[in-house]
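J.: File follows, run15.tsv with TSV, C-alpha atoms:
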```
chain	number	residue	atom	x	y	z
B	1	MET	CA	6.93	-13.29	-34.84
B	2	ASP	CA	4.06	-14.10	-37.20
B	3	PHE	CA	0.69	-14.26	-35.55
B	4	THR	CA	-1.82	-16.86	-36.69
B	5	GLU	CA	-5.38	-15.79	-37.48
B	6	ASP	CA	-6.45	-17.16	-34.12
B	7	GLN	CA	-3.79	-15.19	-32.31
B	8	ILE	CA	-4.74	-12.00	-34.11
B	9	GLN	CA	-8.30	-12.58	-33.00
B	10	ARG	CA	-7.29	-13.58	-29.46
B	11	TYR	CA	-5.13	-10.51	-28.95
B	12	SER	CA	-7.24	-8.14	-31.08
B	13	ARG	CA	-8.20	-5.89	-28.17
B	14	HIS	CA	-4.54	-5.32	-27.40
B	15	ILE	CA	-3.61	-4.92	-31.06
B	16	LEU	CA	-6.35	-2.32	-31.43
B	17	LEU	CA	-4.76	-0.21	-28.71
B	18	GLN	CA	-2.72	2.45	-30.43
B	19	ASP	CA	0.01	2.26	-27.80
B	20	VAL	CA	0.29	-1.52	-28.03
B	21	GLY	CA	-0.48	-2.70	-31.57
B	22	VAL	CA	1.06	-5.77	-33.18
B	23	GLU	CA	4.50	-4.70	-32.05
B	24	GLY	CA	3.47	-4.40	-28.41
B	25	GLN	CA	1.65	-7.71	-28.52
B	26	GLU	CA	4.79	-9.34	-29.90
B	27	LYS	CA	6.73	-7.98	-26.94
B	28	ILE	CA	4.13	-9.45	-24.59
B	29	ASN	CA	4.35	-12.83	-26.33
B	30	LYS	CA	8.13	-12.80	-26.00
B	31	GLY	CA	7.98	-11.77	-22.34
B	32	LYS	CA	9.18	-14.02	-19.54
B	33	VAL	CA	7.67	-13.28	-16.15
B	34	LEU	CA	8.20	-15.02	-12.82
B	35	ILE	CA	5.36	-14.90	-10.30
B	36	VAL	CA	6.41	-15.64	-6.74
B	37	GLY	CA	3.43	-17.10	-4.91
B	38	ALA	CA	0.30	-18.61	-6.44
B	39	GLY	CA	-1.95	-17.10	-3.80
B	40	GLY	CA	-4.22	-14.09	-3.50
B	41	LEU	CA	-2.04	-11.79	-5.59
B	42	GLY	CA	-0.45	-14.45	-7.76
B	43	ALA	CA	-3.85	-15.73	-8.90
B	44	PRO	CA	-5.11	-12.60	-10.70
B	45	ILE	CA	-1.59	-11.74	-11.84
B	46	ALA	CA	-1.13	-15.15	-13.47
B	47	LEU	CA	-4.62	-15.22	-14.98
B	48	TYR	CA	-4.30	-11.79	-16.61
B	49	LEU	CA	-0.76	-12.35	-17.82
B	50	ALA	CA	-1.71	-15.69	-19.37
B	51	ALA	CA	-4.77	-14.17	-21.00
B	52	ALA	CA	-2.58	-11.36	-22.32
B	53	GLY	CA	-0.29	-13.91	-23.94
B	54	VAL	CA	2.90	-13.49	-21.90
B	55	GLY	CA	5.07	-16.12	-23.57
B	56	THR	CA	6.67	-17.68	-20.52
B	57	ILE	CA	5.17	-17.57	-17.06
B	58	GLY	CA	7.11	-19.07	-14.18
B	59	ILE	CA	5.22	-19.76	-10.95
B	60	ILE	CA	6.95	-20.67	-7.73
B	61	ASP	CA	5.03	-21.83	-4.67
B	62	GLY	CA	5.68	-24.73	-2.35
B	63	ASP	CA	2.20	-24.90	-0.85
B	64	VAL	CA	-0.94	-26.89	-1.55
B	65	VAL	CA	-4.41	-25.42	-1.99
B	66	ASP	CA	-6.29	-25.01	1.29
B	67	LEU	CA	-10.03	-24.47	1.66
B	68	SER	CA	-9.35	-21.10	3.30
B	69	ASN	CA	-7.51	-19.95	0.15
B	70	LEU	CA	-10.56	-20.10	-2.08
B	71	GLN	CA	-12.11	-16.91	-0.68
B	72	ARG	CA	-9.61	-14.90	-2.75
B	73	GLN	CA	-7.17	-17.13	-4.64
B	74	ILE	CA	-9.37	-17.31	-7.70
B	75	ILE	CA	-7.05	-19.46	-9.80
B	76	HIS	CA	-7.83	-22.41	-7.50
B	77	PHE	CA	-11.20	-24.16	-7.53
B	78	THR	CA	-12.92	-26.29	-4.91
B	79	PRO	CA	-11.78	-29.64	-6.38
B	80	ASP	CA	-8.18	-28.35	-6.21
B	81	VAL	CA	-8.03	-28.48	-2.41
B	82	ASN	CA	-4.87	-30.36	-1.36
B	83	LYS	CA	-3.41	-30.06	-4.87
B	84	PRO	CA	-0.05	-28.28	-5.21
B	85	LYS	CA	-0.82	-24.65	-6.00
B	86	VAL	CA	1.57	-24.52	-8.94
B	87	ILE	CA	-0.13	-27.51	-10.58
B	88	SER	CA	-3.59	-26.09	-9.99
B	89	ALA	CA	-2.45	-22.75	-11.42
B	90	LYS	CA	-0.77	-24.28	-14.45
B	91	GLU	CA	-3.92	-26.21	-15.35
B	92	LYS	CA	-5.99	-23.00	-15.45
B	93	LEU	CA	-3.38	-21.02	-17.36
B	94	ASN	CA	-3.10	-23.74	-20.02
B	95	LEU	CA	-6.87	-23.67	-20.42
B	96	ILE	CA	-7.00	-19.88	-20.69
B	97	ASN	CA	-4.22	-19.67	-23.24
B	98	PRO	CA	-2.37	-22.64	-24.75
B	99	ASP	CA	0.17	-20.18	-26.24
B	100	VAL	CA	1.71	-19.70	-22.83
B	101	ASN	CA	4.61	-21.81	-21.65
B	102	VAL	CA	4.03	-22.28	-17.93
B	103	ILE	CA	7.04	-23.32	-15.86
B	104	THR	CA	6.32	-24.47	-12.33
B	105	TYR	CA	8.59	-24.56	-9.32
B	106	GLN	CA	7.01	-26.49	-6.49
B	107	GLU	CA	9.36	-25.12	-3.89
B	108	LEU	CA	10.01	-22.00	-1.87
B	109	LEU	CA	12.07	-19.13	-3.12
B	110	THR	CA	15.16	-19.16	-0.92
B	111	ALA	CA	18.49	-17.41	-0.68
B	112	GLU	CA	19.96	-20.52	-2.24
B	113	ASN	CA	17.78	-20.80	-5.36
B	114	ALA	CA	16.60	-17.19	-5.92
B	115	GLU	CA	19.42	-16.01	-8.15
B	116	ARG	CA	19.29	-19.10	-10.35
B	117	ILE	CA	15.51	-18.98	-10.77
B	118	ILE	CA	15.05	-15.27	-11.45
B	119	ARG	CA	17.95	-15.20	-13.90
B	120	ASP	CA	15.80	-16.58	-16.74
B	121	TYR	CA	13.07	-13.95	-16.44
B	122	ASP	CA	12.57	-10.38	-17.67
B	123	PHE	CA	10.40	-9.36	-14.74
B	124	VAL	CA	9.57	-10.74	-11.29
B	125	VAL	CA	6.26	-10.23	-9.48
B	126	ASP	CA	6.02	-10.47	-5.72
B	127	GLY	CA	2.77	-12.15	-4.78
B	128	THR	CA	3.85	-13.39	-1.37
B	129	ASP	CA	2.57	-12.79	2.12
B	130	ASN	CA	5.85	-13.25	3.69
B	131	PHE	CA	8.33	-10.57	4.64
B	132	PRO	CA	11.41	-12.78	4.48
B	133	VAL	CA	10.58	-13.58	0.85
B	134	LYS	CA	9.56	-9.99	0.05
B	135	PHE	CA	12.99	-8.82	1.17
B	136	LEU	CA	14.63	-11.74	-0.58
B	137	ILE	CA	12.89	-10.86	-3.87
B	138	ASN	CA	13.95	-7.24	-3.45
B	139	ASP	CA	17.57	-8.05	-2.71
B	140	ALA	CA	17.85	-10.70	-5.43
B	141	CYS	CA	16.32	-8.36	-8.03
B	142	VAL	CA	18.35	-5.31	-7.01
B	143	ILE	CA	21.58	-7.32	-7.03
B	144	ALA	CA	20.70	-8.95	-10.38
B	145	LYS	CA	19.39	-5.62	-11.77
B	146	LYS	CA	16.05	-7.27	-12.47
B	147	PRO	CA	12.82	-5.26	-12.50
B	148	PHE	CA	10.07	-6.38	-10.17
B	149	SER	CA	6.70	-5.43	-8.75
B	150	HIS	CA	6.17	-5.37	-4.99
B	151	GLY	CA	2.66	-5.94	-3.72
B	152	GLY	CA	1.16	-6.16	-0.26
B	153	ILE	CA	-2.36	-6.39	1.10
B	154	LEU	CA	-3.86	-6.49	4.57
B	155	ARG	CA	-7.43	-6.23	5.80
B	156	PHE	CA	-8.85	-3.49	3.52
B	157	ASP	CA	-5.55	-2.01	2.35
B	158	GLY	CA	-3.16	-2.59	-0.49
B	159	GLN	CA	0.16	-1.18	-1.63
B	160	THR	CA	2.37	-1.65	-4.65
B	161	LEU	CA	5.63	-0.31	-6.05
B	162	THR	CA	7.50	-1.13	-9.24
B	163	TYR	CA	11.27	-1.35	-9.24
B	164	VAL	CA	13.57	-0.95	-12.20
B	165	PRO	CA	17.34	-0.70	-11.78
B	166	GLY	CA	18.10	2.77	-10.44
B	167	SER	CA	14.67	3.48	-8.95
B	168	ALA	CA	13.73	3.30	-5.27
B	169	CYS	CA	13.64	-0.32	-4.10
B	170	TYR	CA	11.48	-1.88	-1.38
B	171	ARG	CA	14.30	-1.48	1.13
B	172	CYS	CA	14.59	2.24	0.32
B	173	LEU	CA	11.11	2.51	1.86
B	174	PHE	CA	11.19	-0.37	4.33
B	175	HIS	CA	14.73	-0.69	5.57
B	176	SER	CA	14.62	-4.22	6.96
B	177	PRO	CA	12.06	-6.90	7.78
B	178	PRO	CA	9.80	-6.18	10.74
B	179	PRO	CA	10.47	-8.19	13.89
B	180	PRO	CA	8.99	-11.70	13.57
B	181	ASN	CA	5.46	-11.76	15.00
B	182	ALA	CA	5.17	-7.96	14.93
B	183	VAL	CA	3.31	-7.84	11.64
B	184	PRO	CA	-0.11	-9.31	11.28
B	185	THR	CA	-0.46	-11.43	8.17
B	186	CYS	CA	-3.65	-12.05	6.25
B	187	SER	CA	-4.01	-15.38	8.01
B	188	GLN	CA	-4.03	-13.62	11.38
B	189	ALA	CA	-5.67	-10.29	10.58
B	190	GLY	CA	-7.83	-11.25	7.64
B	191	VAL	CA	-8.20	-9.67	4.23
B	192	LEU	CA	-11.14	-8.73	2.04
B	193	GLY	CA	-10.87	-11.18	-0.85
B	194	ALA	CA	-11.48	-8.67	-3.63
B	195	ILE	CA	-8.54	-6.57	-2.41
B	196	ALA	CA	-6.25	-9.27	-3.75
B	197	GLY	CA	-7.86	-8.83	-7.15
B	198	MET	CA	-7.61	-5.03	-6.99
B	199	LEU	CA	-3.92	-5.12	-6.20
B	200	GLY	CA	-3.01	-8.13	-8.33
B	201	THR	CA	-4.53	-6.61	-11.45
B	202	ILE	CA	-2.59	-3.39	-10.84
B	203	GLN	CA	0.58	-5.48	-10.65
B	204	ALA	CA	-0.38	-7.35	-13.84
B	205	ALA	CA	-0.94	-4.02	-15.60
B	206	GLU	CA	2.52	-2.89	-14.51
B	207	VAL	CA	4.03	-6.05	-16.02
B	208	LEU	CA	2.26	-5.45	-19.34
B	209	LYS	CA	3.33	-1.80	-19.29
B	210	TYR	CA	6.90	-2.85	-18.64
B	211	LEU	CA	6.92	-5.45	-21.43
B	212	THR	CA	5.37	-3.08	-23.97
B	213	GLY	CA	7.12	0.07	-22.76
B	214	VAL	CA	3.79	1.87	-22.56
B	215	GLY	CA	3.12	4.59	-19.99
B	216	ASP	CA	4.83	5.47	-16.73
B	217	LEU	CA	5.58	2.66	-14.29
B	218	LEU	CA	4.94	2.93	-10.56
B	219	THR	CA	8.61	3.63	-10.00
B	220	ASN	CA	9.63	6.00	-7.23
B	221	ARG	CA	5.99	5.97	-6.19
B	222	LEU	CA	4.21	3.76	-3.69
B	223	LEU	CA	0.56	3.33	-4.58
B	224	THR	CA	-1.63	2.67	-1.55
B	225	PHE	CA	-5.35	2.28	-1.28
B	226	ASN	CA	-7.96	1.62	1.33
B	227	ALA	CA	-11.07	-0.18	0.15
B	228	LYS	CA	-13.24	1.14	3.00
B	229	THR	CA	-12.90	4.69	1.74
B	230	MET	CA	-11.83	3.72	-1.80
B	231	GLU	CA	-9.16	6.35	-1.53
B	232	PHE	CA	-6.06	5.81	-3.62
B	233	ARG	CA	-2.82	7.67	-2.94
B	234	THR	CA	0.60	7.64	-4.53
B	235	ILE	CA	3.45	8.59	-2.26
B	236	LYS	CA	6.45	9.94	-4.11
B	237	SER	CA	9.74	8.39	-3.08
B	238	LYS	CA	13.25	8.36	-4.36
B	239	PRO	CA	16.27	6.09	-4.01
B	240	ASN	CA	17.38	6.26	-0.38
B	241	ASN	CA	21.08	6.92	0.06
B	242	ASN	CA	20.98	4.95	3.33
B	243	CYS	CA	19.33	1.94	1.67
B	244	PRO	CA	21.11	-1.21	2.83
B	245	VAL	CA	21.04	-2.79	-0.62
B	246	CYS	CA	21.08	0.01	-3.20
B	247	GLY	CA	22.42	2.94	-1.11
B	248	SER	CA	25.91	4.37	-1.19
B	249	HIS	CA	27.27	1.99	1.47
B	250	PRO	CA	25.36	-1.27	0.98
B	251	THR	CA	25.46	-3.75	3.84
B	252	VAL	CA	23.35	-6.31	2.00
B	253	THR	CA	25.59	-7.77	-0.65
B	254	GLY	CA	24.30	-11.33	-0.67
B	255	LEU	CA	21.03	-13.13	-0.10
B	256	VAL	CA	19.76	-14.38	3.25
B	257	ASP	CA	16.65	-16.16	4.46
B	258	TYR	CA	15.11	-14.02	7.17
B	259	GLU	CA	13.08	-15.50	9.96
B	260	GLN	CA	9.41	-14.75	10.04
B	261	ALA	CA	6.36	-14.96	12.19
B	262	VAL	CA	5.56	-18.49	11.32
B	263	CYS	CA	5.08	-19.89	14.79
B	264	ASP	CA	1.59	-18.46	14.58
B	265	ILE	CA	1.02	-20.32	11.39
B	266	GLU	CA	2.22	-23.52	12.95
B	267	SER	CA	-0.25	-23.00	15.78
B	268	HIS	CA	-2.96	-22.27	13.21
B	269	ARG	CA	-2.19	-25.52	11.47
B	270	LYS	CA	-2.31	-27.45	14.71
B	271	GLN	CA	-5.80	-26.13	15.33
B	272	LYS	CA	-7.07	-27.65	12.11
A	1	MET	CA	-0.27	25.32	16.90
A	2	SER	CA	1.38	24.28	13.67
A	3	LYS	CA	-0.18	22.86	10.58
A	4	ILE	CA	1.42	19.73	9.20
A	5	SER	CA	0.26	17.07	6.80
A	6	VAL	CA	0.17	13.35	7.57
A	7	ASN	CA	-0.58	11.03	4.66
A	8	GLY	CA	-1.96	13.94	2.70
A	9	LYS	CA	-4.34	15.06	5.45
A	10	ALA	CA	-3.93	18.30	7.38
A	11	GLN	CA	-3.21	18.00	11.10
A	12	GLU	CA	-2.79	20.65	13.79
A	13	VAL	CA	-0.12	19.87	16.35
A	14	GLU	CA	1.80	21.68	19.04
A	15	THR	CA	5.37	22.04	17.84
A	16	PRO	CA	8.11	21.25	18.47
A	17	ILE	CA	7.18	17.60	18.34
A	18	SER	CA	9.38	14.61	17.65
A	19	VAL	CA	8.56	11.92	15.12
A	20	THR	CA	8.19	9.46	18.01
A	21	GLU	CA	5.61	11.70	19.71
A	22	LEU	CA	3.77	12.23	16.44
A	23	ILE	CA	3.53	8.46	15.93
A	24	LYS	CA	1.95	8.21	19.40
A	25	LEU	CA	-0.37	11.11	18.67
A	26	ASN	CA	-1.60	9.32	15.57
A	27	ASN	CA	-2.41	6.19	17.56
A	28	VAL	CA	-0.17	3.94	15.50
A	29	ALA	CA	-0.78	0.58	17.13
A	30	GLN	CA	2.57	-0.91	16.17
A	31	PRO	CA	5.24	1.76	15.72
A	32	GLU	CA	7.73	-0.91	14.63
A	33	MET	CA	5.52	-1.44	11.57
A	34	VAL	CA	5.64	2.09	10.25
A	35	SER	CA	8.21	3.64	7.98
A	36	ILE	CA	8.27	7.43	7.97
A	37	GLN	CA	9.00	9.87	5.18
A	38	LEU	CA	9.45	13.52	6.21
A	39	ASN	CA	9.26	16.02	3.34
A	40	GLY	CA	10.19	13.26	0.91
A	41	GLU	CA	13.17	11.94	2.90
A	42	PHE	CA	13.08	8.72	4.88
A	43	VAL	CA	13.85	9.08	8.56
A	44	ASN	CA	16.04	6.38	10.08
A	45	ARG	CA	14.21	4.53	12.81
A	46	GLU	CA	16.93	5.34	15.35
A	47	ASP	CA	16.40	9.05	14.61
A	48	TYR	CA	12.66	9.12	15.37
A	49	ASP	CA	13.30	10.55	18.86
A	50	SER	CA	15.68	13.25	17.74
A	51	THR	CA	13.88	14.31	14.55
A	52	GLN	CA	11.65	17.33	15.11
A	53	VAL	CA	8.61	18.08	13.02
A	54	SER	CA	7.92	21.73	12.27
A	55	ASP	CA	5.22	23.87	10.73
A	56	ALA	CA	4.19	22.95	7.15
A	57	ASP	CA	6.08	19.64	7.24
A	58	GLU	CA	4.66	16.81	5.18
A	59	LEU	CA	4.87	13.29	6.56
A	60	ASP	CA	3.98	9.93	5.12
A	61	PHE	CA	3.40	6.93	7.32
A	62	LEU	CA	4.04	3.77	5.32
A	63	TYR	CA	2.97	0.45	6.75
A	64	PHE	CA	4.30	-3.03	6.20
A	65	MET	CA	1.80	-5.07	4.24
A	66	GLY	CA	1.92	-8.77	3.50
A	67	GLY	CA	0.07	-10.54	0.76
A	68	GLY	CA	-2.89	-12.65	-0.14
A	69	SER	CA	-1.64	-16.10	0.60
A	70	ARG	CA	-0.75	-17.32	4.02
A	71	PRO	CA	2.95	-17.44	4.83
A	72	GLN	CA	4.33	-20.71	3.67
A	73	THR	CA	7.94	-21.34	4.52
A	74	PRO	CA	7.88	-24.52	6.55
A	75	LYS	CA	11.66	-24.85	6.38
A	76	VAL	CA	12.19	-21.50	8.03
A	77	ALA	CA	9.22	-22.16	10.28
A	78	LEU	CA	10.74	-25.25	11.73
A	79	ARG	CA	14.01	-23.50	12.31
A	80	LEU	CA	12.28	-20.65	14.12
A	81	CYS	CA	9.83	-22.65	16.15
A	82	ARG	CA	12.30	-25.13	17.43
```
Now that the file is in, can you turn its structure into structure tokens?
T.:
Amino acid sequence: MDFTEDQIQRYSRHILLQDVGVEGQEKINKGKVLIVGAGGLGAPIALYLAAAGVGTIGIIDGDVVDLSNLQRQIIHFTPDVNKPKVISAKEKLNLINPDVNVITYQELLTAENAERIIRDYDFVVDGTDNFPVKFLINDACVIAKKPFSHGGILRFDGQTLTYVPGSACYRCLFHSPPPPNAVPTCSQAGVLGAIAGMLGTIQAAEVLKYLTGVGDLLTNRLLTFNAKTMEFRTIKSKPNNNCPVCGSHPTVTGLVDYEQAVCDIESHRKQK
Amino acid sequence: MSKISVNGKAQEVETPISVTELIKLNNVAQPEMVSIQLNGEFVNREDYDSTQVSDADELDFLYFMGGGSRPQTPKVALRLCR
């Protein structure tokens, strides 16, 4: 890959990094990353990856921008309300960096389309607030041997874990989805907007580390933080032999759409 | 009294104590939302009652966490809410 003068200038702060250099930047530019969810986590992830020059960015989200999203989903602006999130996101990414090929999927990731969609990407990033899809991403990536970054936020807390084939997966830590309605979501419990940025940028850094091969990924470690105390902790984990998808006797061998606590959301929508 | 560690913080508890009792002792509001690692090994949920915690054990309570955007799976929603 031959960089133009503009590209050398654009990516100069990466190229200057001894660990990255021209070679690392080329790897970033050749990278193909799928971001699931153009929301609180997906917004900073997409913005930083586009700015970094990730060659192909896929974004999947079936939702439209809502006024209540703007408190943290910084890729969407006030005039974008009611616009499909993937369109709103693509517009900003194209403006940040025309080098990036943005592919949009205005749909939900499901058991039916997951395998086909993730197949084309080097790395998948979970930016969803949705346990059925979190487990679906995990299962699809483990089965397809595709690396991915898990991310979750709630109230003042965040957690993230990176998976590469052979490392502990999300199910190694969290066996199966919580009972529907048991888990508060951000829409029910609230979330400090900046937390999404804190966690999303960590996930974006993991993607860039993966693409360039720099440093140690958050594999076999769950990073958690609490913004009230600003305490960060990494909890060491390892592949769980009893894991239903990557353990010695897997019971999850295909993809399923789990049910989730969406009745609350429906009632929220009715209140609008 | 035994000294154990929960999420990296020292705790004094009367042992023997089961994982279930320890969850209660730590005022976990929704026990179904916590995943427990004991000395680096995950404990199966069905074994919380029978798993005893002893002196110097290290436990990690891991909580389910969602994301930044509201859940958005209308298809599944309709199926569930029907």
J.: Could you list as a PDB file with C-alpha atoms, in the frame of the given file every residue that has an atom within 12 Å of (16.2, 6.5, 11.2), using the file's coordinates and counting only C-alpha atoms?
T.:
```pdb
ATOM      1  CA  CYS B 172      14.590   2.240   0.320  1.00  0.00           C
ATOM      2  CA  LEU B 173      11.110   2.510   1.860  1.00  0.00           C
ATOM      3  CA  PHE B 174      11.190  -0.370   4.330  1.00  0.00           C
ATOM      4  CA  HIS B 175      14.730  -0.690   5.570  1.00  0.00           C
ATOM      5  CA  SER B 176      14.620  -4.220   6.960  1.00  0.00           C
ATOM      6  CA  ASN B 240      17.380   6.260  -0.380  1.00  0.00           C
ATOM      7  CA  ASN B 242      20.980   4.950   3.330  1.00  0.00           C
ATOM      8  CA  CYS B 243      19.330   1.940   1.670  1.00  0.00           C
TER       9      CYS B 243
ATOM     10  CA  VAL A  19       8.560  11.920  15.120  1.00  0.00           C
ATOM     11  CA  THR A  20       8.190   9.460  18.010  1.00  0.00           C
ATOM     12  CA  GLU A  32       7.730  -0.910  14.630  1.00  0.00           C
ATOM     13  CA  VAL A  34       5.640   2.090  10.250  1.00  0.00           C
ATOM     14  CA  SER A  35       8.210   3.640   7.980  1.00  0.00           C
ATOM     15  CA  ILE A  36       8.270   7.430   7.970  1.00  0.00           C
ATOM     16  CA  GLN A  37       9.000   9.870   5.180  1.00  0.00           C
ATOM     17  CA  LEU A  38       9.450  13.520   6.210  1.00  0.00           C
ATOM     18  CA  GLU A  41      13.170  11.940   2.900  1.00  0.00           C
ATOM     19  CA  PHE A  42      13.080   8.720   4.880  1.00  0.00           C
ATOM     20  CA  VAL A  43      13.850   9.080   8.560  1.00  0.00           C
ATOM     21  CA  ASN A  44      16.040   6.380  10.080  1.00  0.00           C
ATOM     22  CA  ARG A  45      14.210   4.530  12.810  1.00  0.00           C
ATOM     23  CA  GLU A  46      16.930   5.340  15.350  1.00  0.00           C
ATOM     24  CA  ASP A  47      16.400   9.050  14.610  1.00  0.00           C
ATOM     25  CA  TYR A  48      12.660   9.120  15.370  1.00  0.00           C
ATOM     26  CA  ASP A  49      13.300  10.550  18.860  1.00  0.00           C
ATOM     27  CA  SER A  50      15.680  13.250  17.740  1.00  0.00           C
ATOM     28  CA  THR A  51      13.880  14.310  14.550  1.00  0.00           C
TER      29      THR A  51
END
```
J.: Go through B:His76, B:Lys146, B:Lys30, B:Lys209 one by one, measure the shortest atom-to-atom distance of each to B:Asn101 using all atoms listed in the file, and give the residue with the smallest value.
T.: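 Among B:His76, B:Lys146, B:Lys30, B:Lys209, it is B:Lys30 that comes nearest to B:Asn101.
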J.: In Å, rounded to a single decimal, give me how far atom CA of B:Gly127 is from atom CA of B:Ile60.
T.: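 It comes out at 9.9 Å.
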J.: In Å to one decimal, how far is atom CA of A:Phe61 from atom CA of A:Gly40?
T.: 11.3 Å
J.: So that I can check the surroundings of stretch 24-27 of chain A, please list as a PyMOL selection string every protein, DNA and RNA residue that reaches within 10 Å of it, counting only C-alpha atoms and ignoring chain neighbours fewer than 3 positions away.
T.: chain A and resi 6+11+13+17-21+30-31+61
J.: Name the residues, using the chain letters and numbers of the file, that sit within 10 Å of (14.0, -20.1, -11.4) when counting only C-alpha atoms, and give them as a PyMOL selection string.
T.: chain B and resi 34+36+58-60+103-105+109+113-121
J.: List the neighbours of B:Val22 out to 9 Å using all atoms listed in the file; skip same-chain residues closer than 5 positions along the sequence, and give me the result as an mmCIF file with C-alpha atoms, in the coordinates of the input.
T.:
```cif
data_model
loop_
_atom_site.group_PDB
_atom_site.id
_atom_site.type_symbol
_atom_site.label_atom_id
_atom_site.label_comp_id
_atom_site.auth_asym_id
_atom_site.auth_seq_id
_atom_site.Cartn_x
_atom_site.Cartn_y
_atom_site.Cartn_z
ATOM 1 C CA PHE B 3 0.690 -14.260 -35.550
ATOM 2 C CA ILE B 8 -4.740 -12.000 -34.110
ATOM 3 C CA TYR B 11 -5.130 -10.510 -28.950
ATOM 4 C CA SER B 12 -7.240 -8.140 -31.080
ATOM 5 C CA HIS B 14 -4.540 -5.320 -27.400
ATOM 6 C CA ILE B 15 -3.610 -4.920 -31.060
ATOM 7 C CA LEU B 16 -6.350 -2.320 -31.430
ATOM 8 C CA LYS B 27 6.730 -7.980 -26.940
#
```
J.: I'd like to know which of A:Leu22, A:Met1, A:Ala10, A:Met33 is closest to A:Gln52, using all atoms listed in the file.
T.: A:Leu22
J.: Can you work out which one of B:Cys141, B:Val214, B:Leu95, B:Ile45 has the shortest atom-to-atom distance to chain A, counting only C-alpha atoms?
T.: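 Closest candidate: B:Ile45.
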J.: Quick one: residues within 6 Å of A:Lys3, all atoms listed in the file counted, chain neighbours fewer than 2 positions away excluded, as a ChimeraX atom specification?
T.: /A:11-12,55-56
J.: List as a PyMOL selection string the protein and nucleic acid residues near stretch 132-138 of chain B, meaning an atom at most 10 Å away when all atoms listed in the file are counted, but skip any in the same chain fewer than 3 places from it.
T.: (chain B and resi 36-37+108-111+114-115+118+124-129+141-144+146-152+163+169-171+174-178+180+245+254-261) or (chain A and resi 66-67+71-73+76)
J.: Grab the atom CA of B:Thr219 to atom CA of A:Gly8 distance for me, in Å with one decimal place.
T.: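 These two atoms are separated by 19.5 Å.
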J.: When distances are computed from only C-alpha atoms, which of B:Gly40, B:Gly193, B:Pro250, B:Gly166 shows the smallest separation from chain A?
T.: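 So, comparing all the options, the nearest one is B:Gly40.
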